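The structure appears right after this line, and notes come after that.
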Amino acid sequence: MPASRRLLAPTPRVQQRASFDIELADGRSVPVLCVHDARSRRVKLSVDERGARLSLPLRASVATGERFVREHRDWLAQQIDRHALDAVPGLVRGTTATLPLRGGHCALEWREGRFTRLQMEPDAAAQTGGDPPRAEFTTTARAGDAALRRALREFYEAQARSDAGRWLPRHAHGLPRPLRRVVFKVMSSQWGSLAPDGTMRLDLSLVLARPRAFEYVLVHELCHLARADHSPAFWAEVESRFPDWRVERDYFRAEGRRLKATLRGLLGG
C-alpha cells in the first residue's frame with residue numbers, strides 16, 4: 001500500500017484479542033476475553049450473557065489486565081452469578097410450554113404441519129379472565145433450530161408491530177414532521193433511536209415488557225421528531241404526551257437487563 005494511503009487508512013477499532021482464565025475465590029475458573037481497543041482510555045471489566053470481557057487501551061499489557069481482574073474477582077463472581085440467575089433456556093421443540101410476552105406469558109402448543117410458523121390463536125385477543133393467551137407453533141418434521149428461532153423472531157416482530165400500530169395514531173398527532181417507518185432490531189443497549197430521515201428503530205425485546213413501558217419508548221422516540229436532543233424542551237414534550245414516563249423509565253432500570261437477556265436466550269443470540 002502506498003504511504004499516502006496508509007496515512008489515510010482508518011485505524012482499526014479492535015487491534016488484538018486474547019483470552020485468559022481467572023480463578024475465583026470459590027475455585028471456579030472463568031475465561032475472560034481480553035480486547036485491546038483503540039477507543040479505550042482505561043481498563044474496563046464487564047460481564048454479560050456471553051461472558052466476561054476486559055477492554056484495554058492499546059498500550060496496556062495483558063498482564064496489566066490480568067492483575068486488574070484478580071483485584072476485582074469478587075465483583076466478577078457476583079456479576080457472573082447474577083447473570084446465571086437470569087439465564088433463560090432456549091426454545092426447545094415440543095417442550096417449551098410458555099413464551100414471555102407483554103409482561104406476562106403466552107401458552108404454547110406444538111403441532112406438526114406443512115410449514116414452520118408461530119401465530120396467536122384466533123380468539124387470543126378476545127380472551128378474558130386469568131387464562132394466558134395461547135399461541136400455536138406449527139413445525140415440519142425437518143425444521144431445525146434455526147427455523148424455529150426464525151419463526152419465533154417473526155412472531156415477536158408481528159406482535160410488536162401490532163402494538164406499535166395501535167399506539168401510533170394516538171401519539172403521532174401534532175408533530176412537526178412525519179414518521180417514515182418503524183424497524184424492530186435486537187439491540188444490545190438502546191431501547192430505541194430515531195434516524196434523521198424519520199426511521200424509528202426499536203428494540204425487539206420491548207414486546208416482552210409490560211405494554212405501558214413499550215408505549216413509553218415509542219412516545220419517547222416520536223418526541224424526537226419535534227426535538228432531536230434531550231433538552232428540557234424535549235422532556236416537556238414527553239411529559240405532555242406521556243405523564244407517567246418516569247414510572248416506565250424506572251421499570252426499565254429494574255427489568256431491562258432481564259428482558260434483553262430473555263430475548264437473546266430464546267433467539268440464540
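Chain identifiers are assigned as A, B, and so on, following the order in which chains appear in the C-alpha cells; residues are numbered from 1 within each chain, and ligands are numbered from 1 in order of appearance.
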May I have all residues of range 66-261 of chain A that DSSP, computed from the backbone, assigns to strand (DSSP E or B), given as a short mmCIF file (atom, residue, chain, number, x, y, z; two decimals) with C-alpha atoms, in the first residue's frame?
data_model
loop_
_atom_site.label_atom_id
_atom_site.label_comp_id
_atom_site.auth_asym_id
_atom_site.auth_seq_id
_atom_site.Cartn_x
_atom_site.Cartn_y
_atom_site.Cartn_z
CA THR A 98 -44.80 -20.84 27.51
CA LEU A 99 -43.28 -17.76 25.90
CA PRO A 100 -42.74 -14.38 27.56
CA LEU A 101 -44.95 -11.71 26.02
CA GLY A 104 -46.57 -11.98 31.14
CA HIS A 105 -46.56 -15.34 29.38
CA CYS A 106 -48.26 -16.90 26.42
CA ALA A 107 -49.22 -20.59 26.48
CA LEU A 108 -47.58 -22.50 23.64
CA GLU A 109 -48.95 -25.53 21.79
CA TRP A 110 -46.84 -27.57 19.35
CA ARG A 111 -48.22 -29.24 16.23
CA GLU A 112 -46.85 -30.87 13.08
CA ARG A 117 -44.72 -20.84 11.76
CA LEU A 118 -45.80 -19.45 15.11
CA GLN A 119 -49.01 -17.49 15.47
CA MET A 120 -51.54 -16.43 18.06
CA ARG A 134 -52.40 -19.03 23.54
CA ALA A 135 -50.13 -19.43 20.55
CA GLU A 136 -49.64 -22.35 18.20
CA PHE A 137 -46.23 -23.40 16.89
CA THR A 138 -46.59 -25.48 13.73
CA THR A 139 -43.41 -27.19 12.55
CA ARG A 181 -41.19 3.82 9.19
CA VAL A 182 -40.62 1.60 12.23
CA VAL A 183 -37.93 -1.09 12.26
CA PHE A 184 -37.51 -3.70 15.00
CA LYS A 185 -33.99 -4.92 15.81
CA GLY A 192 -34.88 2.87 20.52
CA SER A 193 -33.48 5.52 18.21
CA LEU A 194 -34.73 7.93 15.57
CA THR A 199 -36.90 6.00 10.60
CA MET A 200 -37.58 4.74 14.12
CA ARG A 201 -35.64 1.72 15.35
CA LEU A 202 -37.00 -0.13 18.38
CA ASP A 203 -35.55 -2.99 20.38
#
*For CA of Gln159 in chain A and CA of Ser205 in chain A, quote the distance in Å rounded to one decimal.*
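Taking CA of Gln159 in chain A as the start and CA of Ser205 in chain A as the end point, the length is 11.1 Å.
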*So how far away is CA of Ala147 in chain A from CA of Thr116 in chain A, in Å?*
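These two atoms are separated by 7.2 Å.
For the residues A:Val92, A:Leu208, A:Ala143, A:Gln79, ranking by smallest atom-to-atom distance to Gly113 in chain A using only C-alpha atoms places A:Ala143 first.
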_One number please: CA of Glu23 in chain A to CA of Val62 in chain A, in Å, one decimal._
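Separating CA of Glu23 in chain A from CA of Val62 in chain A is a distance of 16.1 Å.
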